[in-house]
$ cat entry.cif   # mmCIF, C-alpha atoms
data_data
#
loop_
_atom_site.label_atom_id
_atom_site.label_comp_id
_atom_site.auth_asym_id
_atom_site.auth_seq_id
_atom_site.Cartn_x
_atom_site.Cartn_y
_atom_site.Cartn_z
CA MET V 1 -81.50 -132.30 -144.88
CA PRO V 2 -79.41 -131.41 -147.94
CA LYS V 3 -77.86 -127.97 -148.38
CA ILE V 4 -76.47 -126.28 -151.46
CA LYS V 5 -74.70 -123.04 -152.36
CA ALA V 6 -76.82 -120.70 -154.49
CA ASN V 7 -76.63 -116.94 -155.12
CA ASN V 8 -73.76 -116.67 -152.61
CA ILE V 9 -75.71 -118.21 -149.74
CA THR V 10 -76.17 -121.77 -148.46
CA MET V 11 -79.78 -122.90 -148.82
CA ASN V 12 -81.39 -125.73 -146.90
CA TYR V 13 -84.10 -127.85 -148.52
CA GLU V 14 -86.07 -131.07 -148.31
CA GLN V 15 -87.03 -133.35 -151.19
CA GLN V 16 -89.80 -135.96 -151.27
CA GLY V 17 -91.71 -137.90 -153.90
CA ARG V 18 -91.18 -138.67 -157.55
CA GLY V 19 -92.23 -137.00 -160.77
CA GLU V 20 -91.89 -133.52 -162.22
CA PRO V 21 -90.26 -131.06 -159.78
CA LEU V 22 -92.58 -128.90 -157.69
CA ILE V 23 -90.89 -126.15 -155.67
CA LEU V 24 -92.76 -124.94 -152.59
CA ILE V 25 -91.77 -121.45 -151.41
CA PRO V 26 -92.54 -120.66 -147.75
CA TYR V 27 -94.47 -117.70 -146.41
CA LEU V 28 -93.32 -114.98 -143.99
CA THR V 29 -91.45 -116.38 -140.91
CA ALA V 30 -91.77 -120.01 -142.04
CA ASP V 31 -89.27 -122.67 -143.00
CA HIS V 32 -89.66 -125.56 -145.45
CA ALA V 33 -91.89 -127.58 -143.08
CA CYS V 34 -94.82 -125.15 -143.43
CA TYR V 35 -96.23 -127.18 -146.34
CA ALA V 36 -96.23 -130.51 -144.48
CA PHE V 37 -99.98 -131.01 -145.07
CA GLN V 38 -99.52 -130.42 -148.80
CA VAL V 39 -96.34 -132.43 -149.37
CA ALA V 40 -98.14 -135.55 -148.12
CA GLU V 41 -100.50 -135.26 -151.09
CA TYR V 42 -98.33 -133.57 -153.73
CA SER V 43 -95.48 -136.07 -153.33
CA LYS V 44 -97.73 -138.82 -154.70
CA HIS V 45 -97.45 -137.11 -158.09
CA PHE V 46 -94.44 -134.76 -157.97
CA THR V 47 -90.92 -134.43 -156.65
CA CYS V 48 -91.63 -131.88 -153.91
CA ILE V 49 -88.77 -129.57 -153.01
CA SER V 50 -89.43 -127.39 -149.98
CA LEU V 51 -86.98 -124.57 -149.31
CA ASP V 52 -85.68 -122.53 -146.40
CA LEU V 53 -85.47 -118.97 -147.73
CA ARG V 54 -82.57 -116.73 -146.73
CA GLY V 55 -83.16 -115.59 -143.18
CA THR V 56 -85.17 -118.65 -142.17
CA GLY V 57 -84.67 -122.22 -141.01
CA GLU V 58 -81.20 -123.56 -141.64
CA SER V 59 -80.39 -121.40 -144.67
CA ASP V 60 -77.92 -118.55 -144.35
CA LYS V 61 -79.05 -115.28 -142.80
CA PRO V 62 -76.97 -112.58 -144.48
CA GLU V 63 -77.13 -108.94 -143.45
CA GLY V 64 -78.59 -106.31 -145.74
CA SER V 65 -81.99 -105.58 -147.21
CA TYR V 66 -84.17 -108.32 -148.64
CA SER V 67 -86.67 -107.95 -151.48
CA THR V 68 -89.07 -110.34 -153.14
CA GLU V 69 -87.02 -110.01 -156.33
CA VAL V 70 -83.79 -110.99 -154.53
CA LEU V 71 -85.57 -113.92 -152.89
CA ALA V 72 -86.78 -115.00 -156.33
CA ASP V 73 -83.20 -114.79 -157.62
CA ASP V 74 -82.25 -117.12 -154.75
CA VAL V 75 -84.81 -119.69 -155.89
CA ALA V 76 -83.67 -119.42 -159.52
CA ALA V 77 -80.05 -119.90 -158.45
CA PHE V 78 -81.09 -122.85 -156.28
CA MET V 79 -82.78 -124.50 -159.27
CA GLN V 80 -79.66 -124.05 -161.36
CA ALA V 81 -77.43 -125.38 -158.58
CA VAL V 82 -79.43 -128.60 -158.17
CA GLY V 83 -79.85 -129.07 -161.93
CA ILE V 84 -83.56 -128.29 -162.30
CA THR V 85 -84.19 -126.57 -165.61
CA LYS V 86 -87.96 -126.24 -165.18
CA ALA V 87 -90.38 -126.72 -162.28
CA HIS V 88 -93.88 -126.12 -161.04
CA ILE V 89 -93.72 -123.19 -158.61
CA SER V 90 -96.10 -122.78 -155.68
CA GLY V 91 -96.21 -120.35 -152.77
CA LEU V 92 -98.55 -118.78 -150.26
CA SER V 93 -98.42 -115.10 -149.28
CA LEU V 94 -94.72 -114.08 -149.34
CA GLY V 95 -94.01 -117.36 -151.14
CA ALA V 96 -96.44 -116.37 -153.87
CA ALA V 97 -94.98 -112.86 -154.14
CA ILE V 98 -91.59 -114.50 -154.70
CA GLY V 99 -93.10 -116.91 -157.22
CA MET V 100 -94.50 -113.95 -159.16
CA TRP V 101 -91.04 -112.45 -159.61
CA LEU V 102 -89.55 -115.84 -160.43
CA ALA V 103 -92.07 -116.53 -163.20
CA ALA V 104 -91.64 -113.02 -164.61
CA LYS V 105 -87.83 -112.93 -164.61
CA TYR V 106 -87.22 -116.59 -165.50
CA PRO V 107 -90.27 -117.59 -167.56
CA ASP V 108 -88.58 -120.58 -169.20
CA ALA V 109 -87.91 -122.11 -165.77
CA VAL V 110 -91.57 -122.25 -164.69
CA THR V 111 -93.91 -125.04 -165.81
CA SER V 112 -96.88 -123.76 -163.82
CA LEU V 113 -97.39 -121.10 -161.15
CA SER V 114 -99.62 -121.31 -158.08
CA LEU V 115 -100.20 -118.01 -156.28
CA HIS V 116 -102.08 -118.45 -153.01
CA SER V 117 -103.22 -115.51 -150.83
CA SER V 118 -101.05 -113.15 -152.82
CA TRP V 119 -100.91 -109.59 -154.07
CA ALA V 120 -99.10 -107.75 -156.85
CA LYS V 121 -98.19 -104.55 -155.01
CA THR V 122 -98.32 -103.76 -151.31
CA ASP V 123 -100.97 -101.15 -150.50
CA ALA V 124 -101.41 -98.95 -147.44
CA TYR V 125 -103.61 -101.47 -145.64
CA LEU V 126 -101.23 -104.42 -146.02
CA ARG V 127 -98.28 -102.22 -145.12
CA THR V 128 -100.02 -101.23 -141.88
CA VAL V 129 -100.71 -104.89 -141.04
CA VAL V 130 -97.07 -105.86 -141.52
CA GLU V 131 -95.76 -102.82 -139.65
CA GLY V 132 -97.97 -103.89 -136.74
CA LEU V 133 -96.39 -107.36 -136.84
CA GLN V 134 -92.97 -105.75 -136.76
CA VAL V 135 -93.88 -103.76 -133.64
CA MET V 136 -95.20 -106.92 -131.96
CA ALA V 137 -92.09 -108.95 -132.85
CA LYS V 138 -89.82 -106.30 -131.34
CA ALA V 139 -91.99 -105.96 -128.24
CA VAL V 140 -92.29 -109.69 -127.56
CA GLY V 141 -88.72 -110.41 -128.63
CA SER V 142 -89.79 -113.71 -130.18
CA VAL V 143 -90.91 -114.31 -133.75
CA PRO V 144 -92.70 -117.61 -132.96
CA GLU V 145 -94.72 -115.97 -130.17
CA MET V 146 -95.53 -113.03 -132.46
CA VAL V 147 -96.76 -115.49 -135.07
CA ILE V 148 -99.05 -117.23 -132.58
CA LEU V 149 -100.37 -114.07 -130.91
CA ALA V 150 -100.52 -111.66 -133.84
CA LEU V 151 -100.15 -113.41 -137.21
CA PHE V 152 -102.48 -116.36 -136.55
CA PRO V 153 -105.55 -114.12 -136.08
CA TRP V 154 -104.90 -112.56 -139.50
CA CYS V 155 -104.49 -115.99 -141.11
CA LEU V 156 -107.26 -118.06 -139.50
CA THR V 157 -110.97 -117.44 -139.12
CA PRO V 158 -112.70 -116.80 -135.77
CA GLU V 159 -114.88 -119.82 -136.57
CA LEU V 160 -111.83 -122.10 -136.69
CA TYR V 161 -110.71 -120.84 -133.27
CA ALA V 162 -114.19 -121.56 -131.88
CA ALA V 163 -114.71 -124.95 -133.53
CA LYS V 164 -111.22 -126.45 -133.24
CA PRO V 165 -109.29 -124.97 -130.29
CA ASP V 166 -107.13 -128.11 -130.03
CA TYR V 167 -106.16 -127.73 -133.68
CA ILE V 168 -105.13 -124.11 -133.08
CA THR V 169 -103.02 -125.31 -130.15
CA SER V 170 -101.39 -127.94 -132.35
CA LEU V 171 -100.52 -125.31 -134.96
CA ALA V 172 -98.98 -123.16 -132.22
CA ASP V 173 -96.98 -126.13 -130.97
CA PHE V 174 -95.79 -126.74 -134.51
CA VAL V 175 -94.59 -123.13 -134.86
CA ARG V 176 -92.69 -123.38 -131.56
CA SER V 177 -91.08 -126.65 -132.66
CA ARG V 178 -89.42 -125.19 -135.75
CA PRO V 179 -86.08 -123.28 -135.84
CA ALA V 180 -86.98 -119.81 -134.58
CA GLN V 181 -86.44 -116.90 -136.94
CA SER V 182 -84.58 -114.04 -135.27
CA VAL V 183 -86.29 -110.69 -134.88
CA GLU V 184 -83.59 -109.15 -137.08
CA SER V 185 -84.21 -111.65 -139.88
CA PHE V 186 -87.96 -111.15 -139.53
CA MET V 187 -87.49 -107.40 -139.99
CA GLN V 188 -85.47 -108.00 -143.17
CA GLN V 189 -88.00 -110.48 -144.54
CA SER V 190 -91.08 -108.46 -143.58
CA ASN V 191 -89.56 -105.37 -145.19
CA ALA V 192 -89.54 -107.40 -148.41
CA VAL V 193 -93.30 -107.78 -147.98
CA ILE V 194 -93.73 -104.04 -147.39
CA THR V 195 -91.72 -103.10 -150.49
CA HIS V 196 -93.15 -105.81 -152.77
CA ASP V 197 -94.18 -104.45 -156.16
CA ALA V 198 -94.38 -106.85 -159.09
CA GLU V 199 -97.33 -105.20 -160.80
CA ALA V 200 -95.31 -104.16 -163.84
CA GLN V 201 -93.96 -107.71 -164.13
CA LEU V 202 -97.27 -109.59 -164.34
CA GLY V 203 -97.49 -109.32 -168.12
CA ARG V 204 -94.18 -111.18 -168.43
CA ILE V 205 -95.60 -114.31 -166.76
CA LYS V 206 -96.38 -116.91 -169.39
CA ALA V 207 -96.83 -120.06 -167.30
CA PRO V 208 -100.34 -121.36 -166.60
CA THR V 209 -101.23 -119.71 -163.29
CA LEU V 210 -103.64 -120.55 -160.49
CA ILE V 211 -104.62 -117.57 -158.34
CA THR V 212 -106.41 -118.38 -155.07
CA PHE V 213 -107.79 -116.41 -152.15
CA GLY V 214 -109.64 -117.19 -148.96
CA ARG V 215 -113.12 -115.64 -149.00
CA HIS V 216 -112.59 -114.11 -145.56
CA ASP V 217 -108.96 -113.03 -145.98
CA ILE V 218 -108.55 -109.40 -144.92
CA ALA V 219 -104.81 -108.84 -145.31
CA THR V 220 -104.61 -110.04 -148.92
CA SER V 221 -108.28 -109.98 -149.78
CA THR V 222 -109.92 -110.46 -153.15
CA ARG V 223 -109.35 -106.72 -153.71
CA PHE V 224 -106.16 -107.87 -155.44
CA ALA V 225 -107.84 -110.53 -157.60
CA ASP V 226 -109.00 -108.57 -160.64
CA ARG V 227 -105.68 -106.86 -161.35
CA MET V 228 -103.74 -110.10 -161.03
CA LYS V 229 -106.22 -112.09 -163.11
CA GLY V 230 -106.37 -109.34 -165.73
CA LYS V 231 -102.61 -108.98 -166.16
CA ILE V 232 -101.51 -112.63 -165.98
CA ARG V 233 -102.71 -113.89 -169.34
CA ASN V 234 -103.04 -117.63 -168.82
CA SER V 235 -104.57 -117.54 -165.34
CA GLU V 236 -107.56 -118.87 -163.45
CA LEU V 237 -109.07 -117.69 -160.18
CA LEU V 238 -110.30 -119.85 -157.29
CA ILE V 239 -111.87 -118.68 -154.01
CA PHE V 240 -111.89 -120.88 -150.91
CA ASP V 241 -115.09 -120.26 -148.95
CA GLY V 242 -114.88 -120.40 -145.18
CA CYS V 243 -111.16 -119.57 -145.20
CA ALA V 244 -109.06 -116.52 -144.43
CA HIS V 245 -105.36 -116.18 -145.32
CA ALA V 246 -104.31 -119.80 -144.79
CA PRO V 247 -106.53 -122.32 -146.60
CA ILE V 248 -103.54 -124.70 -146.42
CA TYR V 249 -104.45 -125.18 -142.74
CA GLU V 250 -108.11 -124.16 -142.63
CA ASN V 251 -109.45 -126.57 -145.25
CA VAL V 252 -106.61 -128.95 -146.04
CA ALA V 253 -108.69 -131.48 -148.00
CA GLU V 254 -110.27 -128.98 -150.39
CA PHE V 255 -107.08 -126.97 -150.82
CA ASN V 256 -105.06 -130.07 -151.64
CA ASP V 257 -107.70 -131.45 -153.97
CA LYS V 258 -108.21 -128.27 -156.00
CA THR V 259 -104.53 -127.37 -156.23
CA THR V 260 -103.48 -130.92 -157.11
CA GLN V 261 -106.04 -130.89 -159.93
CA PHE V 262 -104.46 -127.73 -161.33
CA LEU V 263 -100.94 -129.15 -161.06
CA MET V 264 -101.96 -132.41 -162.72
CA ARG V 265 -103.67 -130.57 -165.58
CA ASN V 266 -100.38 -128.82 -166.29
CA ALA V 267 -98.05 -131.77 -165.72
CA GLY V 268 -96.38 -133.28 -168.77
CA VAL V 269 -97.58 -130.43 -171.00
CA THR V 270 -94.07 -129.67 -172.30
CA VAL V 271 -93.36 -133.34 -172.95
CA ALA V 272 -96.67 -133.79 -174.72
CA ALA V 273 -96.11 -130.76 -176.91
CA ALA V 274 -92.65 -131.98 -177.86
CA SER V 275 -93.93 -135.38 -178.93
#
$ encode --input "entry.cif" --output "structure tokens"
Amino acid sequence: MPKIKANNITMNYEQQGRGEPLILIPYLTADHACYAFQVAEYSKHFTCISLDLRGTGESDKPEGSYSTEVLADDVAAFMQAVGITKAHISGLSLGAAIGMWLAAKYPDAVTSLSLHSSWAKTDAYLRTVVEGLQVMAKAVGSVPEMVILALFPWCLTPELYAAKPDYITSLADFVRSRPAQSVESFMQQSNAVITHDAEAQLGRIKAPTLITFGRHDIATSTRFADRMKGKIRNSELLIFDGCAHAPIYENVAEFNDKTTQFLMRNAGVTVAAAS
């Protein structure tokens, strides 16, 4: 696993595949491995670069407050450090919130933007959800166990639990197998979710943007869709039926197919325009 210094921290990442760079930004609590089901498909067409954000995995875990803007600055600095001038950017939940800031602050660095299960500004409902996760993490004293007991039910449908209990168990085993985020780092990272507000930045995003939601997502429901779609000029909206907050695990085949189509439609656009 390569590491590189960026924005005064050491960041850990993994790179697979060949083609235009595609940077995958993890969600809350997760490290770079969270997109394993997507990298298998995306790497057939793109150079997939999966990151460990500050406070997760094997990247540095500095003290102080985190924000989605600071985390986006980390990704921009990472790109500069590894020599990537422009990349496709994709993220789910917190990863998408970070991607929003990245595309707004560094528009020339973003070829396309994929925002999955995202939101432009944290509202009272989402804040309450995350504050509940914080209470659980402190009480249990383990971020992985909090994820399995408290975050999973927000991310996955009851129907998936009923139909595929062994699959749920395998996802739990996967979470326990990864480097555990500390409760302190989770508090810093989850506070970035609570304070997220990129609403005023959406008009600065110029990259072609895919906005997706799970039909049954409650935490970041389609209540956020119209404002995001209306303010990001070159955007399209896609709803995954039968999914909640994590279509990347709930319907891997459809998610990969639809998102790969979007990425491929926007691959080589800059090169084509230049020629």
$ atom_distance --input "entry.cif" --atom1 "atom CA of Glu184 of chain V" --atom2 "atom CA of Ile148 of chain V"
18.0 Å
$ resolve_selection --input "entry.cif" --expression "the PyMOL selection byres ((chain V and resi 227) around 12)" --output "PyMOL selection string"
chain V and resi 118-121+198-200+202-203+211+222-226+228-233+235+237
$ residues_around --input "entry.cif" --residues "Asn256 of chain V" --least-positions-apart "5" --cutoff "8 Å" --atoms "all atoms listed in the file" --output "list in words"
Gln38, Glu41, Tyr42 and Ile248 of chain V
$ atom_distance --input "entry.cif" --atom1 "atom CA of Ala180 of chain V" --atom2 "atom CA of Asp217 of chain V"
25.7 Å
$ resolve_selection --input "entry.cif" --expression "the PyMOL selection byres ((chain V and resi 16) around 6)" --output "JSON, numbers by chain"
{"V": [15, 17, 47, 48]}
$ residues_around --input "entry.cif" --residues "segment 78-84 of chain V" --least-positions-apart "4" --cutoff "9 Å" --atoms "all atoms listed in the file" --output "PyMOL selection string"
chain V and resi 4-7+11+21+73-74+109
$ closest_residue --input "entry.cif" --among "V:Val183, V:Val147, V:Leu156, V:Ile194" --to "Gly214 of chain V" --atoms "all atoms listed in the file"
V:Leu156
$ resolve_selection --input "entry.cif" --expression "the PyMOL selection byres ((chain V and resi 65) around 12)" --output "ChimeraX atom specification"
/V:54-55,61-64,66-71,184-195
$ write_last_selection --input "entry.cif" --atoms "C-alpha atoms" --output "PDB file, in the frame of the given file"
ATOM      1  CA  ARG V  54     -82.570-116.730-146.730  1.00  0.00           C
ATOM      2  CA  GLY V  55     -83.160-115.590-143.180  1.00  0.00           C
ATOM      3  CA  LYS V  61     -79.050-115.280-142.800  1.00  0.00           C
ATOM      4  CA  PRO V  62     -76.970-112.580-144.480  1.00  0.00           C
ATOM      5  CA  GLU V  63     -77.130-108.940-143.450  1.00  0.00           C
ATOM      6  CA  GLY V  64     -78.590-106.310-145.740  1.00  0.00           C
ATOM      7  CA  TYR V  66     -84.170-108.320-148.640  1.00  0.00           C
ATOM      8  CA  SER V  67     -86.670-107.950-151.480  1.00  0.00           C
ATOM      9  CA  THR V  68     -89.070-110.340-153.140  1.00  0.00           C
ATOM     10  CA  GLU V  69     -87.020-110.010-156.330  1.00  0.00           C
ATOM     11  CA  VAL V  70     -83.790-110.990-154.530  1.00  0.00           C
ATOM     12  CA  LEU V  71     -85.570-113.920-152.890  1.00  0.00           C
ATOM     13  CA  GLU V 184     -83.590-109.150-137.080  1.00  0.00           C
ATOM     14  CA  SER V 185     -84.210-111.650-139.880  1.00  0.00           C
ATOM     15  CA  PHE V 186     -87.960-111.150-139.530  1.00  0.00           C
ATOM     16  CA  MET V 187     -87.490-107.400-139.990  1.00  0.00           C
ATOM     17  CA  GLN V 188     -85.470-108.000-143.170  1.00  0.00           C
ATOM     18  CA  GLN V 189     -88.000-110.480-144.540  1.00  0.00           C
ATOM     19  CA  SER V 190     -91.080-108.460-143.580  1.00  0.00           C
ATOM     20  CA  ASN V 191     -89.560-105.370-145.190  1.00  0.00           C
ATOM     21  CA  ALA V 192     -89.540-107.400-148.410  1.00  0.00           C
ATOM     22  CA  VAL V 193     -93.300-107.780-147.980  1.00  0.00           C
ATOM     23  CA  ILE V 194     -93.730-104.040-147.390  1.00  0.00           C
ATOM     24  CA  THR V 195     -91.720-103.100-150.490  1.00  0.00           C
TER      25      THR V 195
END
$ atom_distance --input "entry.cif" --atom1 "atom CA of Ala219 of chain V" --atom2 "atom CA of Phe174 of chain V"
22.8 Å
$ closest_residue --input "entry.cif" --among "V:Pro26, V:Pro107, V:Gly132, V:Gly99" --to "Thr85 of chain V" --atoms "all atoms listed in the file"
V:Pro107
$ axis_aligned_box --input "entry.cif" --around "segment 31-38 of chain V" --padding-each-side "8 Å" --output "JSON"
{"center_x": -94.6, "center_y": -126.8, "center_z": -145.9, "size_x": 26.7, "size_y": 24.3, "size_z": 21.8}
$ residues_around --input "entry.cif" --residues "Pro247 of chain V" --least-positions-apart "2" --cutoff "12 Å" --atoms "only C-alpha atoms" --output "JSON, numbers by chain"
{"V": [35, 37, 38, 92, 93, 116, 117, 155, 156, 157, 160, 212, 213, 214, 215, 216, 217, 238, 239, 240, 241, 242, 243, 244, 245, 249, 250, 251, 252, 253, 254, 255, 256, 257, 258, 259]}
$ residues_around --input "entry.cif" --residues "Asp108 of chain V" --least-positions-apart "4" --cutoff "12 Å" --atoms "all atoms listed in the file" --output "PyMOL selection string"
chain V and resi 76+84-88+102-104+112-113+204-207+270
$ closest_residue --input "entry.cif" --among "V:Leu22, V:Leu28, V:Ala162, V:Ala96" --to "Lys44 of chain V" --atoms "all atoms listed in the file"
V:Leu22
$ closest_residue --input "entry.cif" --among "V:Lys105, V:His45, V:Lys138, V:Lys3" --to "Arg265 of chain V" --atoms "only C-alpha atoms"
V:His45
$ closest_residue --input "entry.cif" --among "V:Ser114, V:Thr56, V:Ser221, V:Gln201" --to "Gly91 of chain V" --atoms "all atoms listed in the file"
V:Ser114
$ decode --input "entry.cif" --residues "segment 16-95 of chain V" --atoms "C-alpha atoms" --output "mmCIF file, in the first residue's frame"
data_model
loop_
_atom_site.group_PDB
_atom_site.id
_atom_site.type_symbol
_atom_site.label_atom_id
_atom_site.label_comp_id
_atom_site.auth_asym_id
_atom_site.auth_seq_id
_atom_site.Cartn_x
_atom_site.Cartn_y
_atom_site.Cartn_z
ATOM 1 C CA GLN V 16 -5.694 -0.614 -9.505
ATOM 2 C CA GLY V 17 -6.500 -0.722 -13.200
ATOM 3 C CA ARG V 18 -5.545 1.367 -16.195
ATOM 4 C CA GLY V 19 -7.082 4.360 -17.911
ATOM 5 C CA GLU V 20 -8.199 7.801 -16.794
ATOM 6 C CA PRO V 21 -7.870 8.308 -13.019
ATOM 7 C CA LEU V 22 -10.963 7.697 -10.904
ATOM 8 C CA ILE V 23 -10.685 8.702 -7.246
ATOM 9 C CA LEU V 24 -13.012 6.908 -4.832
ATOM 10 C CA ILE V 25 -13.647 8.781 -1.568
ATOM 11 C CA PRO V 26 -14.819 6.634 1.369
ATOM 12 C CA TYR V 27 -17.879 7.182 3.517
ATOM 13 C CA LEU V 28 -18.087 7.743 7.286
ATOM 14 C CA THR V 29 -15.925 5.265 9.318
ATOM 15 C CA ALA V 30 -14.626 3.465 6.213
ATOM 16 C CA ASP V 31 -11.191 3.022 4.702
ATOM 17 C CA HIS V 32 -10.226 2.588 1.045
ATOM 18 C CA ALA V 33 -11.472 -1.027 0.896
ATOM 19 C CA CYS V 34 -15.139 0.013 1.167
ATOM 20 C CA TYR V 35 -15.437 0.168 -2.634
ATOM 21 C CA ALA V 36 -14.095 -3.343 -3.242
ATOM 22 C CA PHE V 37 -17.243 -4.380 -5.150
ATOM 23 C CA GLN V 38 -16.942 -1.334 -7.417
ATOM 24 C CA VAL V 39 -13.189 -1.395 -8.047
ATOM 25 C CA ALA V 40 -13.531 -4.879 -9.536
ATOM 26 C CA GLU V 41 -15.676 -3.378 -12.306
ATOM 27 C CA TYR V 42 -14.331 0.175 -12.565
ATOM 28 C CA SER V 43 -10.702 -0.961 -12.872
ATOM 29 C CA LYS V 44 -11.519 -2.567 -16.224
ATOM 30 C CA HIS V 45 -11.859 0.956 -17.627
ATOM 31 C CA PHE V 46 -10.146 3.354 -15.198
ATOM 32 C CA THR V 47 -7.153 3.718 -12.921
ATOM 33 C CA CYS V 48 -8.982 3.402 -9.596
ATOM 34 C CA ILE V 49 -7.420 5.207 -6.662
ATOM 35 C CA SER V 50 -9.061 4.457 -3.328
ATOM 36 C CA LEU V 51 -8.071 6.644 -0.379
ATOM 37 C CA ASP V 52 -7.878 6.452 3.388
ATOM 38 C CA LEU V 53 -9.144 9.827 4.601
ATOM 39 C CA ARG V 54 -7.522 11.524 7.575
ATOM 40 C CA GLY V 55 -8.674 9.747 10.695
ATOM 41 C CA THR V 56 -9.231 6.394 8.992
ATOM 42 C CA GLY V 57 -7.305 3.334 7.872
ATOM 43 C CA GLU V 58 -3.567 3.859 7.693
ATOM 44 C CA SER V 59 -3.646 7.600 6.999
ATOM 45 C CA ASP V 60 -2.635 10.051 9.706
ATOM 46 C CA LYS V 61 -5.108 10.901 12.447
ATOM 47 C CA PRO V 62 -4.313 14.469 13.470
ATOM 48 C CA GLU V 63 -6.046 16.213 16.348
ATOM 49 C CA GLY V 64 -8.393 19.118 15.772
ATOM 50 C CA SER V 65 -11.720 19.606 14.060
ATOM 51 C CA TYR V 66 -12.476 18.074 10.682
ATOM 52 C CA SER V 67 -14.779 19.501 8.024
ATOM 53 C CA THR V 68 -15.870 18.294 4.619
ATOM 54 C CA GLU V 69 -14.026 21.257 3.104
ATOM 55 C CA VAL V 70 -10.765 20.316 4.855
ATOM 56 C CA LEU V 71 -11.187 16.706 3.769
ATOM 57 C CA ALA V 72 -11.688 17.932 0.193
ATOM 58 C CA ASP V 73 -8.495 19.985 0.491
ATOM 59 C CA ASP V 74 -6.750 16.751 1.518
ATOM 60 C CA VAL V 75 -7.930 15.016 -1.655
ATOM 61 C CA ALA V 76 -6.871 17.976 -3.825
ATOM 62 C CA ALA V 77 -3.435 17.983 -2.190
ATOM 63 C CA PHE V 78 -3.210 14.218 -2.667
ATOM 64 C CA MET V 79 -3.914 14.609 -6.385
ATOM 65 C CA GLN V 80 -1.203 17.228 -6.691
ATOM 66 C CA ALA V 81 1.273 15.105 -4.735
ATOM 67 C CA VAL V 82 0.815 12.055 -6.980
ATOM 68 C CA GLY V 83 0.784 14.146 -10.169
ATOM 69 C CA ILE V 84 -2.886 13.839 -11.139
ATOM 70 C CA THR V 85 -4.063 17.055 -12.756
ATOM 71 C CA LYS V 86 -7.630 15.888 -13.418
ATOM 72 C CA ALA V 87 -9.724 12.905 -12.319
ATOM 73 C CA HIS V 88 -13.193 11.464 -12.138
ATOM 74 C CA ILE V 89 -14.395 11.865 -8.538
ATOM 75 C CA SER V 90 -16.835 9.485 -6.871
ATOM 76 C CA GLY V 91 -18.076 9.148 -3.313
ATOM 77 C CA LEU V 92 -20.956 7.852 -1.240
ATOM 78 C CA SER V 93 -22.443 9.739 1.714
ATOM 79 C CA LEU V 94 -19.532 11.547 3.436
ATOM 80 C CA GLY V 95 -17.427 10.728 0.368
#
